[in-house]
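Raw target13.txt, compact mmCIF, C-alpha atoms and all ligand atoms:
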```txt
# COMPACT_ATOMS: atom_id res chain seq x y z
CA MET A 271 82.91 92.40 96.37
CA ASN A 272 84.10 94.11 93.21
CA ILE A 273 84.81 92.38 89.91
CA HIS A 274 86.60 93.34 86.70
CA GLU A 275 85.01 95.00 83.70
CA TYR A 276 85.45 91.90 81.52
CA GLN A 277 83.69 89.76 84.14
CA ALA A 278 80.86 92.26 84.52
CA LYS A 279 80.38 92.29 80.74
CA GLU A 280 80.06 88.48 80.76
CA ILE A 281 77.25 88.77 83.31
CA LEU A 282 75.54 91.48 81.26
CA LYS A 283 75.70 89.36 78.12
CA LYS A 284 74.12 86.42 79.91
CA HIS A 285 71.15 88.63 80.67
CA GLY A 286 70.81 89.92 77.15
CA VAL A 287 72.55 93.28 77.50
CA LYS A 288 74.50 94.19 74.36
CA VAL A 289 78.12 94.91 75.12
CA GLN A 290 81.27 96.02 73.36
CA GLU A 291 82.73 92.56 72.64
CA GLY A 292 86.20 91.60 73.77
CA TYR A 293 88.53 89.05 75.31
CA VAL A 294 90.90 89.26 78.22
CA ALA A 295 94.67 88.72 77.78
CA GLU A 296 97.61 88.45 80.16
CA THR A 297 100.49 88.74 77.69
CA ALA A 298 101.22 90.79 74.58
CA GLU A 299 101.19 87.61 72.47
CA GLU A 300 97.82 86.58 73.86
CA ALA A 301 96.57 90.11 73.14
CA ARG A 302 97.43 89.63 69.47
CA GLN A 303 95.70 86.24 69.36
CA VAL A 304 92.45 87.49 70.87
CA ALA A 305 92.50 90.58 68.63
CA GLN A 306 92.78 88.23 65.64
CA LYS A 307 89.81 86.28 66.97
CA LEU A 308 87.80 89.49 67.41
CA ASN A 309 88.64 90.46 63.86
CA THR A 310 87.30 87.13 62.59
CA GLU A 311 84.17 87.27 64.71
CA THR A 312 83.18 90.93 64.48
CA GLY A 313 85.07 92.18 61.45
CA THR A 314 86.61 94.98 63.49
CA SER A 315 90.08 96.15 62.49
CA TRP A 316 90.45 98.74 65.24
CA TYR A 317 90.77 97.63 68.85
CA VAL A 318 90.57 99.16 72.31
CA ILE A 319 93.04 97.94 74.91
CA LYS A 320 91.74 98.36 78.43
CA ALA A 321 93.63 97.82 81.68
CA GLN A 322 91.65 95.60 84.05
CA ILE A 323 91.87 96.94 87.59
CA HIS A 324 89.24 97.46 90.27
CA ALA A 325 89.14 101.23 89.80
CA GLY A 326 87.67 103.69 87.34
CA GLY A 327 89.16 106.65 85.53
CA ARG A 328 91.42 104.35 83.48
CA GLY A 329 90.97 106.28 80.24
CA LYS A 330 92.55 109.40 81.73
CA GLY A 331 94.88 107.46 84.07
CA LYS A 332 98.56 106.88 83.28
CA ILE A 333 100.83 103.86 83.52
CA GLN A 334 103.75 105.11 85.62
CA GLN A 335 106.48 103.16 83.81
CA THR A 336 105.47 103.89 80.20
CA ASN A 337 103.20 106.94 80.37
CA SER A 338 100.56 105.01 78.38
CA ASN A 339 96.92 105.68 79.25
CA GLY A 340 94.91 102.84 80.83
CA VAL A 341 92.56 102.72 77.82
CA VAL A 342 94.12 103.07 74.36
CA LEU A 343 93.07 102.60 70.76
CA ALA A 344 95.01 100.37 68.34
CA LYS A 345 94.34 101.08 64.67
CA SER A 346 95.70 97.79 63.39
CA LEU A 347 96.36 94.25 64.56
CA ASP A 348 100.11 94.95 64.64
CA GLU A 349 99.67 97.80 67.10
CA VAL A 350 97.86 95.58 69.60
CA PRO A 351 100.74 93.59 71.19
CA GLU A 352 102.97 96.65 71.35
CA LYS A 353 100.34 98.81 73.03
CA ALA A 354 99.25 95.99 75.35
CA LYS A 355 102.88 95.62 76.44
CA ASN A 356 102.93 99.26 77.56
CA ILE A 357 100.05 98.54 79.92
CA LEU A 358 100.60 94.96 81.15
CA GLY A 359 102.68 94.70 84.32
CA GLY A 360 102.67 98.48 84.75
CA THR A 361 101.25 100.53 87.61
CA LEU A 362 98.16 102.44 86.65
CA VAL A 363 97.43 105.63 88.57
CA THR A 364 93.93 107.10 88.25
CA HIS A 365 91.97 109.53 90.42
CA GLN A 366 90.42 106.48 92.07
CA THR A 367 93.56 104.44 92.84
CA GLY A 368 95.43 106.97 94.97
CA PRO A 369 99.01 108.01 94.12
CA GLU A 370 100.41 104.48 94.65
CA GLY A 371 98.30 103.16 91.76
CA LYS A 372 97.39 99.57 90.95
CA LYS A 373 99.35 96.89 89.13
CA VAL A 374 97.78 95.77 85.87
CA ASN A 375 97.83 91.99 85.39
CA LYS A 376 95.25 91.74 82.61
CA VAL A 377 93.99 93.75 79.68
CA LEU A 378 90.70 93.53 77.86
CA ILE A 379 91.07 93.63 74.09
CA ALA A 380 87.76 94.97 72.81
CA GLN A 381 86.30 95.85 69.42
CA ASP A 382 86.33 99.55 68.62
CA VAL A 383 82.69 100.57 68.67
CA TYR A 384 83.20 104.26 68.01
CA TYR A 385 83.24 103.67 64.28
CA PRO A 386 85.86 105.71 62.47
CA GLY A 387 84.23 108.71 60.89
CA ASP A 388 81.15 108.18 63.04
CA SER A 389 79.54 111.58 63.11
CA GLU A 390 77.46 111.09 66.20
CA PRO A 391 78.48 108.47 68.71
CA LYS A 392 76.61 109.51 71.84
CA GLU A 393 77.58 108.45 75.34
CA TYR A 394 75.08 108.04 78.19
CA TYR A 395 75.32 107.16 81.86
CA LEU A 396 73.16 104.40 83.30
CA SER A 397 73.22 102.66 86.66
CA VAL A 398 71.04 100.62 88.97
CA LEU A 399 71.73 100.80 92.66
CA LEU A 400 70.22 100.41 96.06
CA ASP A 401 68.64 103.48 97.61
CA ARG A 402 68.90 102.49 101.27
CA ALA A 403 67.00 105.52 102.54
CA LYS A 404 63.97 104.78 100.36
CA GLY A 405 64.27 100.98 100.61
CA CYS A 406 64.07 100.82 96.82
CA ASN A 407 66.22 100.19 93.83
CA VAL A 408 66.91 103.25 91.72
CA ILE A 409 67.86 103.63 88.07
CA MET A 410 70.00 106.68 87.43
CA ALA A 411 70.37 107.92 83.88
CA SER A 412 72.07 110.87 82.29
CA THR A 413 72.82 112.26 78.87
CA GLU A 414 76.24 113.22 80.27
CA GLY A 415 77.87 109.82 79.74
CA GLY A 416 81.59 109.17 79.79
CA MET A 417 82.08 111.91 82.38
CA ASP A 418 82.67 111.62 86.08
CA ILE A 419 79.11 111.16 87.38
CA GLU A 420 79.98 112.66 90.79
CA GLU A 421 80.89 115.85 88.98
CA VAL A 422 77.64 115.84 87.00
CA ALA A 423 75.71 115.28 90.25
CA GLU A 424 77.43 118.22 91.87
CA LYS A 425 77.39 120.77 89.05
CA THR A 426 74.28 119.87 87.05
CA PRO A 427 72.10 117.59 89.18
CA GLU A 428 69.12 118.29 86.89
CA LYS A 429 70.90 116.26 84.23
CA ILE A 430 70.48 113.05 86.23
CA HIS A 431 67.13 111.32 85.93
CA LYS A 432 66.14 108.99 88.76
CA GLU A 433 63.53 106.28 88.54
CA TRP A 434 62.74 104.42 91.76
CA ILE A 435 61.69 100.80 91.54
CA ASP A 436 59.79 98.93 94.20
CA PRO A 437 61.74 95.67 94.58
CA ALA A 438 58.54 93.73 95.31
CA ILE A 439 56.92 94.83 92.04
CA GLY A 440 60.02 95.02 89.88
CA LEU A 441 60.74 97.25 86.91
CA GLN A 442 57.55 98.19 85.05
CA PRO A 443 57.80 98.63 81.28
CA PHE A 444 56.53 102.23 81.52
CA GLN A 445 59.43 103.04 83.85
CA ALA A 446 62.03 101.86 81.33
CA ARG A 447 60.27 103.98 78.69
CA LYS A 448 60.33 106.98 81.01
CA VAL A 449 64.11 106.64 81.41
CA ALA A 450 64.67 106.28 77.65
CA PHE A 451 62.45 109.31 77.11
CA ALA A 452 64.45 111.32 79.66
CA LEU A 453 67.54 110.48 77.58
CA ARG A 454 65.70 112.10 74.63
CA LEU A 455 65.93 109.01 72.43
CA GLU A 456 63.64 108.23 69.52
CA GLY A 457 62.79 105.44 67.08
CA LYS A 458 65.03 102.40 67.03
CA ALA A 459 67.46 103.81 69.61
CA PHE A 460 64.55 104.37 72.02
CA LYS A 461 63.40 100.76 71.68
CA GLU A 462 66.94 99.45 72.06
CA MET A 463 67.44 101.53 75.19
CA VAL A 464 64.19 100.24 76.75
CA LYS A 465 65.41 96.69 76.14
CA PHE A 466 68.86 97.55 77.47
CA ILE A 467 67.41 98.96 80.70
CA GLY A 468 65.18 95.90 81.23
CA SER A 469 68.08 93.49 80.79
CA LEU A 470 70.40 95.60 82.95
CA TYR A 471 67.85 95.65 85.76
CA GLU A 472 67.47 91.88 85.48
CA ALA A 473 71.26 91.42 85.69
CA TYR A 474 71.34 93.63 88.80
CA VAL A 475 68.53 91.78 90.60
CA SER A 476 69.52 88.23 89.75
CA THR A 477 73.13 88.71 90.89
CA ASP A 478 72.09 90.35 94.21
CA SER A 479 74.23 93.34 93.35
CA SER A 480 74.20 96.60 95.23
CA MET A 481 75.35 98.51 92.15
CA PHE A 482 75.58 97.98 88.41
CA GLU A 483 77.00 101.01 86.62
CA ILE A 484 77.48 101.41 82.87
CA ASN A 485 79.46 104.51 81.96
CA PRO A 486 79.43 105.03 79.06
CA VAL A 487 76.46 103.41 77.40
CA LEU A 488 77.04 104.08 73.70
CA LYS A 489 74.54 104.87 70.98
CA THR A 490 76.23 104.11 67.67
CA SER A 491 75.39 105.94 64.46
CA ASP A 492 73.30 102.91 63.44
CA ASP A 493 71.30 103.20 66.66
CA GLN A 494 72.69 100.26 68.57
CA ILE A 495 72.87 100.65 72.34
CA LEU A 496 76.01 99.05 73.85
CA ALA A 497 77.67 98.77 77.25
CA VAL A 498 81.22 100.06 76.77
CA ASP A 499 82.21 99.93 80.45
CA ALA A 500 80.77 98.09 83.46
CA LYS A 501 81.33 98.45 87.16
CA VAL A 502 79.66 96.09 89.62
CA ASN A 503 79.40 95.79 93.39
CA LEU A 504 78.19 92.39 94.48
CA ASP A 505 76.62 92.15 97.91
CA ASP A 506 79.04 90.09 100.05
CA ASN A 507 76.19 88.92 102.25
CA ALA A 508 74.47 87.30 99.28
CA LEU A 509 77.56 85.64 97.78
CA PHE A 510 76.76 82.32 99.44
CA ARG A 511 73.87 82.08 96.97
CA HIS A 512 76.15 82.62 93.97
CA LYS A 513 79.09 80.24 93.98
CA ASP A 514 79.88 81.17 90.36
CA LEU A 515 80.10 84.86 91.22
CA ALA A 516 82.15 84.26 94.38
CA ASP A 517 84.69 82.52 92.12
CA LEU A 518 85.21 85.80 90.22
CA ARG A 519 87.04 87.28 93.22
CA ASP A 520 90.52 88.58 92.31
CA LEU A 521 92.61 88.54 95.48
CA SER A 522 95.45 90.44 93.80
CA GLU A 523 93.16 93.49 93.73
CA GLU A 524 92.70 93.46 97.48
CA ASP A 525 94.96 94.51 100.34
CA PRO A 526 97.02 91.38 101.26
CA LEU A 527 96.64 92.02 104.99
CA GLU A 528 92.87 92.30 104.63
CA VAL A 529 92.80 89.01 102.72
CA GLU A 530 94.87 87.29 105.43
CA ALA A 531 92.62 88.69 108.17
CA GLY A 532 89.53 87.47 106.36
CA GLU A 533 90.99 83.96 106.26
CA SER A 534 91.40 84.04 110.06
CA GLY A 535 87.83 85.25 110.49
CA LEU A 536 88.94 88.73 111.57
CA ASN A 537 87.32 91.93 110.46
CA TYR A 538 90.31 94.10 109.48
CA VAL A 539 90.57 97.33 107.53
CA LYS A 540 94.00 98.79 106.87
CA LEU A 541 94.43 102.51 107.60
CA ASP A 542 97.38 104.92 107.35
CA GLY A 543 98.18 105.64 111.03
CA ASN A 544 100.81 104.49 113.54
CA VAL A 545 98.81 102.86 116.36
CA GLY A 546 97.63 99.33 115.68
CA CYS A 547 94.48 98.33 117.50
CA MET A 548 92.80 95.07 118.34
CA VAL A 549 89.31 95.24 119.77
CA ASN A 550 86.29 93.00 120.26
CA GLY A 551 83.16 94.49 118.78
CA ALA A 552 82.81 96.99 115.96
CA GLY A 553 81.37 99.78 118.15
CA LEU A 554 84.17 99.51 120.69
CA ALA A 555 86.67 99.44 117.81
CA MET A 556 85.30 102.76 116.53
CA ALA A 557 85.47 104.27 120.04
CA THR A 558 89.04 102.99 120.40
CA MET A 559 90.05 104.71 117.18
CA ASP A 560 88.65 107.95 118.61
CA ILE A 561 90.69 107.47 121.80
CA ILE A 562 93.85 106.91 119.75
CA LYS A 563 93.23 110.15 117.89
CA LEU A 564 92.56 112.05 121.13
CA SER A 565 95.87 110.86 122.54
CA GLY A 566 97.74 112.23 119.53
CA GLY A 567 98.06 109.05 117.47
CA GLU A 568 96.46 107.90 114.25
CA PRO A 569 94.87 104.45 114.01
CA ALA A 570 96.80 102.05 111.76
CA ASN A 571 93.81 99.84 111.30
CA PHE A 572 90.34 98.81 112.31
CA LEU A 573 90.34 95.31 113.77
CA ASP A 574 87.38 93.55 115.31
CA VAL A 575 88.41 90.13 116.64
CA GLY A 576 84.80 89.22 117.41
CA GLY A 577 82.96 88.46 120.61
CA SER A 578 84.98 85.47 121.75
CA ALA A 579 88.60 86.63 121.66
CA ASN A 580 90.96 83.74 122.46
CA ALA A 581 94.67 82.98 122.14
CA GLN A 582 94.32 82.04 118.45
CA THR A 583 92.41 85.13 117.39
CA VAL A 584 94.70 87.38 119.46
CA GLU A 585 97.74 85.78 117.84
CA ALA A 586 96.31 86.11 114.33
CA GLY A 587 95.47 89.75 115.07
CA PHE A 588 98.98 90.43 116.44
CA ARG A 589 100.65 88.92 113.39
CA ILE A 590 98.59 91.00 111.00
CA ILE A 591 99.10 94.27 112.88
CA LEU A 592 102.85 93.62 113.18
CA LYS A 593 103.20 93.20 109.42
CA ASP A 594 102.31 96.87 108.99
CA PRO A 595 105.66 98.73 109.12
CA ASN A 596 103.98 102.00 110.20
CA VAL A 597 102.84 100.59 113.53
CA LYS A 598 104.64 102.26 116.49
CA ALA A 599 102.41 100.95 119.30
CA ILE A 600 99.55 98.51 119.71
CA LEU A 601 96.45 99.10 121.78
CA ILE A 602 94.43 96.04 122.71
CA ASN A 603 91.00 96.98 124.01
CA ILE A 604 88.83 94.06 125.05
CA PHE A 605 85.57 94.10 126.90
CA GLY A 606 85.11 90.94 128.92
CA GLY A 607 81.45 90.18 128.53
CA ILE A 608 81.07 86.69 127.15
CA VAL A 609 84.81 86.13 127.35
CA ARG A 610 86.59 86.62 130.70
CA CYS A 611 89.44 89.15 130.91
CA ASP A 612 91.85 86.67 132.55
CA ARG A 613 91.41 84.35 129.56
CA VAL A 614 92.13 87.17 127.15
CA ALA A 615 95.16 88.24 129.21
CA ASN A 616 96.53 84.70 129.09
CA GLY A 617 95.84 84.68 125.37
CA VAL A 618 97.81 87.91 124.91
CA VAL A 619 100.77 86.63 126.93
CA GLU A 620 100.74 83.28 125.12
CA ALA A 621 100.53 84.89 121.68
CA TYR A 622 103.26 87.40 122.58
CA LYS A 623 105.64 84.64 123.69
CA LYS A 624 104.86 82.57 120.63
CA ILE A 625 105.56 85.39 118.20
CA GLY A 626 108.56 86.64 120.23
CA ASP A 627 110.71 89.61 119.31
CA ILE A 628 107.92 92.19 119.35
CA LYS A 629 109.61 95.59 119.25
CA VAL A 630 106.67 97.94 119.66
CA PRO A 631 105.09 98.71 123.04
CA ILE A 632 101.76 97.08 123.72
CA ILE A 633 99.02 98.55 125.87
CA VAL A 634 96.29 96.20 126.99
CA ARG A 635 93.07 97.54 128.34
CA LEU A 636 90.80 94.88 129.76
CA GLN A 637 87.45 95.81 131.23
CA GLY A 638 84.54 93.71 132.43
CA THR A 639 84.47 90.26 133.97
CA ASN A 640 87.68 89.49 135.91
CA ALA A 641 89.34 92.72 134.76
CA GLU A 642 91.63 92.90 137.84
CA GLU A 643 92.83 89.32 137.40
CA GLY A 644 93.51 90.06 133.76
CA ALA A 645 95.53 93.18 134.58
CA LYS A 646 97.55 91.20 137.12
CA ILE A 647 98.44 88.53 134.57
CA ILE A 648 99.64 91.22 132.15
CA GLU A 649 101.69 93.10 134.79
CA GLU A 650 103.32 89.93 136.08
CA SER A 651 104.14 88.48 132.68
CA GLY A 652 107.45 90.37 132.56
CA LEU A 653 106.79 91.26 128.93
CA LYS A 654 106.89 94.69 127.33
CA VAL A 655 103.16 94.97 127.85
CA LYS A 656 101.39 97.58 129.93
CA SER A 657 97.93 97.21 131.26
CA ALA A 658 95.17 99.72 131.86
CA ILE A 659 91.66 99.29 133.06
CA LEU A 660 90.26 102.74 132.38
CA LEU A 661 90.10 103.97 128.82
CA LYS A 662 91.67 107.24 129.97
CA ASP A 663 94.71 105.36 131.35
CA ALA A 664 94.98 103.47 128.09
CA ALA A 665 95.01 106.72 126.15
CA GLU A 666 97.77 108.09 128.41
CA ARG A 667 99.88 104.97 127.89
CA VAL A 668 99.48 105.29 124.13
CA GLU A 669 100.61 108.90 124.39
CA GLU A 670 103.68 107.85 126.42
CA ALA A 671 104.46 105.11 123.93
CA LEU A 672 104.43 107.53 121.01
CA ALA A 673 106.44 110.24 122.78
P1 LIG B 1 87.20 104.33 82.54
O1 LIG B 1 88.02 105.50 82.11
O2 LIG B 1 87.90 103.50 83.57
O3 LIG B 1 85.82 104.71 82.98
O4 LIG B 1 87.07 103.35 81.26
P2 LIG B 1 85.97 103.29 80.08
O5 LIG B 1 85.74 101.88 79.77
O6 LIG B 1 84.77 104.09 80.44
O7 LIG B 1 86.73 103.93 78.87
C1 LIG B 1 87.18 105.26 78.90
C2 LIG B 1 86.89 105.95 77.60
O8 LIG B 1 87.52 105.28 76.52
C3 LIG B 1 85.42 105.98 77.22
O9 LIG B 1 84.71 107.03 77.83
C4 LIG B 1 85.51 106.18 75.73
O10 LIG B 1 85.55 107.56 75.43
C5 LIG B 1 86.83 105.52 75.35
N1 LIG B 1 86.52 104.28 74.62
C6 LIG B 1 86.05 103.14 75.13
N2 LIG B 1 85.79 102.24 74.15
C7 LIG B 1 86.13 102.84 72.99
C8 LIG B 1 86.09 102.45 71.62
O11 LIG B 1 85.67 101.36 71.24
N3 LIG B 1 86.56 103.35 70.70
C9 LIG B 1 87.02 104.56 71.07
N4 LIG B 1 87.46 105.36 70.12
N5 LIG B 1 87.04 104.97 72.34
C10 LIG B 1 86.61 104.13 73.29
MN MN B 2 83.89 104.30 82.42
```

Whole structure, structure tokens version:
Amino acid sequence: MNIHEYQAKEILKKHGVKVQEGYVAETAEEARQVAQKLNTETGTSWYVIKAQIHAGGRGKGKIQQTNSNGVVLAKSLDEVPEKAKNILGGTLVTHQTGPEGKKVNKVLIAQDVYYPGDSEPKEYYLSVLLDRAKGCNVIMASTEGGMDIEEVAEKTPEKIHKEWIDPAIGLQPFQARKVAFALRLEGKAFKEMVKFIGSLYEAYVSTDSSMFEINPVLKTSDDQILAVDAKVNLDDNALFRHKDLADLRDLSEEDPLEVEAGESGLNYVKLDGNVGCMVNGAGLAMATMDIIKLSGGEPANFLDVGGSANAQTVEAGFRIILKDPNVKAILINIFGGIVRCDRVANGVVEAYKKIGDIKVPIIVRLQGTNAEEGAKIIEESGLKVKSAILLKDAAERVEEALA
């Protein structure tokens, strides 16, 4: 699960990481109020207004409607509501959102930490993530902060320092010093960075995250080390241990069909193609997507209805697939292992009749226990449903349906 920058900064603060302070706002008026509050609390008179979406590249990204960037500076309190208005409610397009962009519902009003006239604000890159291949956590650090880290990794990989941490032992103080040293820091800034790294690692571990990325980490001219941005991936499988973190979920950032599928216990991922598919088992679902491609179609989704497909799950799956306007045909591919094919066939017929008015052709391939009985039920239903037992036949039917 992903969370917003302002939420990630709250977590960091709780663990003692120094951050660029700020408050979230949903309206221009609220933006002014929180800027006023920041002024009182921090003395800042310049503010940064930051669109809160689950994607990076906001600084360079543009709001379609107003042409404002997703991160802008306001040099007085009066500029804040006006500049916030140009971002709120708009669609922000960045290199990470795709051309359709993402709607901005909230902005973070933060203190400007790049002090005016600051001769040497220096940006660094710092992240903690899981190295699955090594079975370790890894801290990645670079002097090339504020840039696209993928680009740094590709063009100048020697500029990324990696420090692997055995999760059973935890971060050793010498390791944090090694990272700060690799960033060529000295004196107070060095000490602050060592502290920053320790607290960041603690935030990562205690939230069961799979990634905590701070880009940029800022060194101010008075040698403070601050988190200016924060991107976090929480491990979904560990969320049951963190009720407070699970509550940070922002459904408006997720695909509505994926949210609906999750509520019905279905494993659904929306794709761009024209053939909807409903399968039991993730492996079979992958193979089915290959078959769709081989027969000249493009999968519209990945959908695993689970091992025990029944009328309810089939119906929920149908409804979700049918909401996708790109779908021109649906391929149902069920292996009757635990569940019998005749039961699935009855489920399909029942769900079809219940939904009614299905315009796209449906191809049902049932294989395994009672496959023949299942096929018979489908054929005799009188509905616009074709059955196939062999995968090859199913592929041919899909091809016919698309022709
Ligand atoms: P991203 O573009 O989505 O990664 O958003 P960031 O939070 O990283 O912000 C983008 C850029 O805005 C940063 O790299 C900084 O250069 C700039 N920025 C962020 N905070 C401040 C600030 O307090 N003052 C100034 N002048 N620039 C800032
Ligand atoms: Mn950033």

Using all atoms listed in the file, which of A:Ile467, A:Leu396, A:Ala325, A:Ile632 sits nearest Ile419 (chain A)?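 Looking only at the distances to Ile419 (chain A), the closest residue turns out to be A:Leu396.
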
Please identify all protein, DNA and RNA residues within 7 Å of ligand MN 2 (chain B), counting all atoms listed in the file, and report them as a VMD selection string. chain A and resid 326 to 327 416 485 to 486 499

For ligand LIG 1 (chain B), which of A:Met271, A:Ala459, A:Ile591, A:Ala497 is the closest residue, counting only C-alpha atoms and all ligand atoms?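 Closest candidate: A:Ala497.
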
Quick one: which chain A residues come within 8 Å of ligand LIG 1 (chain B), and what is the nearest atom pair for each with the distance in Å to one decimal, counting all atoms listed in the file, rows ordered by chain and ascending number, as a Markdown table?
```
| residue | atom | partner | partner_atom | distance |
| --- | --- | --- | --- | --- |
| A:Glu275 | CA | B:LIG1 | O5 | 8.0 |
| A:Gln290 | CA | B:LIG1 | O11 | 7.2 |
| A:Tyr317 | CA | B:LIG1 | O11 | 6.8 |
| A:Val318 | CA | B:LIG1 | O11 | 5.5 |
| A:Lys320 | CA | B:LIG1 | O5 | 7.1 |
| A:Ala325 | CA | B:LIG1 | O2 | 6.7 |
| A:Gly326 | CA | B:LIG1 | O2 | 3.8 |
| A:Gly327 | CA | B:LIG1 | O1 | 3.8 |
| A:Arg328 | CA | B:LIG1 | O2 | 3.6 |
| A:Gly329 | CA | B:LIG1 | O1 | 3.6 |
| A:Lys330 | CA | B:LIG1 | O1 | 6.0 |
| A:Gly331 | CA | B:LIG1 | O1 | 7.4 |
| A:Gly340 | CA | B:LIG1 | O1 | 7.5 |
| A:Val341 | CA | B:LIG1 | O8 | 5.8 |
| A:Val342 | CA | B:LIG1 | O8 | 7.3 |
| A:Leu343 | CA | B:LIG1 | N4 | 6.3 |
| A:Ala380 | CA | B:LIG1 | O11 | 6.9 |
| A:Gln381 | CA | B:LIG1 | O11 | 5.8 |
| A:Asp382 | CA | B:LIG1 | O11 | 3.3 |
| A:Val383 | CA | B:LIG1 | O11 | 4.0 |
| A:Tyr384 | CA | B:LIG1 | N3 | 4.4 |
| A:Tyr385 | CA | B:LIG1 | N3 | 7.2 |
| A:Pro386 | CA | B:LIG1 | N4 | 7.8 |
| A:Glu393 | CA | B:LIG1 | O9 | 7.7 |
| A:Gly415 | CA | B:LIG1 | O9 | 7.6 |
| A:Gly416 | CA | B:LIG1 | O9 | 4.3 |
| A:Met417 | CA | B:LIG1 | O9 | 7.2 |
| A:Asn485 | CA | B:LIG1 | O6 | 5.5 |
| A:Pro486 | CA | B:LIG1 | O6 | 5.6 |
| A:Val498 | CA | B:LIG1 | N2 | 5.7 |
| A:Asp499 | CA | B:LIG1 | O5 | 4.1 |
| A:Ala500 | CA | B:LIG1 | O5 | 7.3 |
```

Of the candidates A:Ile600, A:Cys611, A:Ser476, A:Ala403, which shows the shortest atom-to-atom distance to Glu643 (chain A), using only C-alpha atoms?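 The answer is A:Cys611, which sits nearest to Glu643 (chain A).
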
Within 8 Å of (62.0, 102.1, 95.4), only C-alpha atoms: residues as a PDB file with C-alpha atoms, in the frame of the given file?
```pdb
ATOM      1  CA  ASP A 401      68.640 103.480  97.610  1.00  0.00           C
ATOM      2  CA  LYS A 404      63.970 104.780 100.360  1.00  0.00           C
ATOM      3  CA  GLY A 405      64.270 100.980 100.610  1.00  0.00           C
ATOM      4  CA  CYS A 406      64.070 100.820  96.820  1.00  0.00           C
ATOM      5  CA  ASN A 407      66.220 100.190  93.830  1.00  0.00           C
ATOM      6  CA  VAL A 408      66.910 103.250  91.720  1.00  0.00           C
ATOM      7  CA  TRP A 434      62.740 104.420  91.760  1.00  0.00           C
ATOM      8  CA  ILE A 435      61.690 100.800  91.540  1.00  0.00           C
ATOM      9  CA  ASP A 436      59.790  98.930  94.200  1.00  0.00           C
ATOM     10  CA  PRO A 437      61.740  95.670  94.580  1.00  0.00           C
TER      11      PRO A 437
END
```

Of the listed residues A:Lys654, A:Lys307, A:Lys373, A:Arg447, that which approaches Gly468 (chain A) most closely, counting all atoms listed in the file: A:Arg447

Restricting the calculation to all atoms listed in the file: of A:Arg519, A:Tyr293, A:Arg302, A:Gln494, which residue gets closest to Asp506 (chain A)? A:Arg519

Hey, what's within 7 Å of region 547-549 of chain A if we count all atoms listed in the file and toss same-chain stuff fewer than 3 positions away? As a CSV table (one decimal) with C-alpha atoms, in the frame of the given file, please?
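Saved result, result_23.csv, follows:
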```csv
chain,number,residue,atom,x,y,z
A,554,LEU,CA,84.2,99.5,120.7
A,555,ALA,CA,86.7,99.4,117.8
A,571,ASN,CA,93.8,99.8,111.3
A,572,PHE,CA,90.3,98.8,112.3
A,573,LEU,CA,90.3,95.3,113.8
A,574,ASP,CA,87.4,93.6,115.3
A,575,VAL,CA,88.4,90.1,116.6
A,587,GLY,CA,95.5,89.8,115.1
A,600,ILE,CA,99.6,98.5,119.7
A,601,LEU,CA,96.4,99.1,121.8
A,602,ILE,CA,94.4,96.0,122.7
A,603,ASN,CA,91.0,97.0,124.0
A,604,ILE,CA,88.8,94.1,125.0
```

With distances taken over only C-alpha atoms, the candidate from A:Val545, A:Ala295, A:Val502, A:Ala664 nearest Ala354 (chain A) is A:Ala295

What separation in Å, quoted to one decimal, exists between CA of Asp663 (chain A) and CA of Gly576 (chain A)? 23.5 Å

Please return, as a PyMOL selection string, all polymer residues that have at least one atom within 12 Å of the point (88.3, 85.0, 125.7); use only C-alpha atoms and the file's own coordinate frame. chain A and resi 549-550+575-584+604-618+636+638-641+644

For region 281-295 of chain A, what centre and edge lengths in Å (one decimal) does the axis-aligned box get once 5 Å is added on each side of all its listed atoms, as lines of an AutoDock Vina configuration file?
```
center_x = 82.7
center_y = 91.2
center_z = 78.0
size_x = 33.9
size_y = 19.6
size_z = 20.7
```

Could you pull the residues within 10 Å of Ile628 (chain A), counting all atoms listed in the file, minus those fewer than 4 positions along the same chain, as a ChimeraX atom specification? /A:588-589,592,622-623,632,653-654

Deliver the residues from the most recent selection as a file, using C-alpha atoms, as a PDB file, keeping the file's coordinate frame.
```pdb
ATOM      1  CA  PHE A 588      98.980  90.430 116.440  1.00  0.00           C
ATOM      2  CA  ARG A 589     100.650  88.920 113.390  1.00  0.00           C
ATOM      3  CA  LEU A 592     102.850  93.620 113.180  1.00  0.00           C
ATOM      4  CA  TYR A 622     103.260  87.400 122.580  1.00  0.00           C
ATOM      5  CA  LYS A 623     105.640  84.640 123.690  1.00  0.00           C
ATOM      6  CA  ILE A 632     101.760  97.080 123.720  1.00  0.00           C
ATOM      7  CA  LEU A 653     106.790  91.260 128.930  1.00  0.00           C
ATOM      8  CA  LYS A 654     106.890  94.690 127.330  1.00  0.00           C
TER       9      LYS A 654
END
```

Please measure the separation of CA of Lys513 (chain A) and CA of Asn272 (chain A), giving the value in Å to one decimal. 14.8 Å

Distance CA of Glu299 (chain A)-CA of Ile323 (chain A), one decimal place?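 Atom-to-atom, CA of Glu299 (chain A) to CA of Ile323 (chain A), that is 20.1 Å.
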
Can you list, as number ranges by chain, every protein, DNA or RNA residue that comes within 6 Å of Ser657 (chain A) when you count all atoms listed in the file, leaving out same-chain residues fewer than 3 positions away? A: 633-635, 645

Neighbour list for region 424-427 of chain A as a ChimeraX atom specification, cut-off 12 Å, all atoms listed in the file, skip fewer than 2 positions in-chain: /A:410-414,418-422,429-432
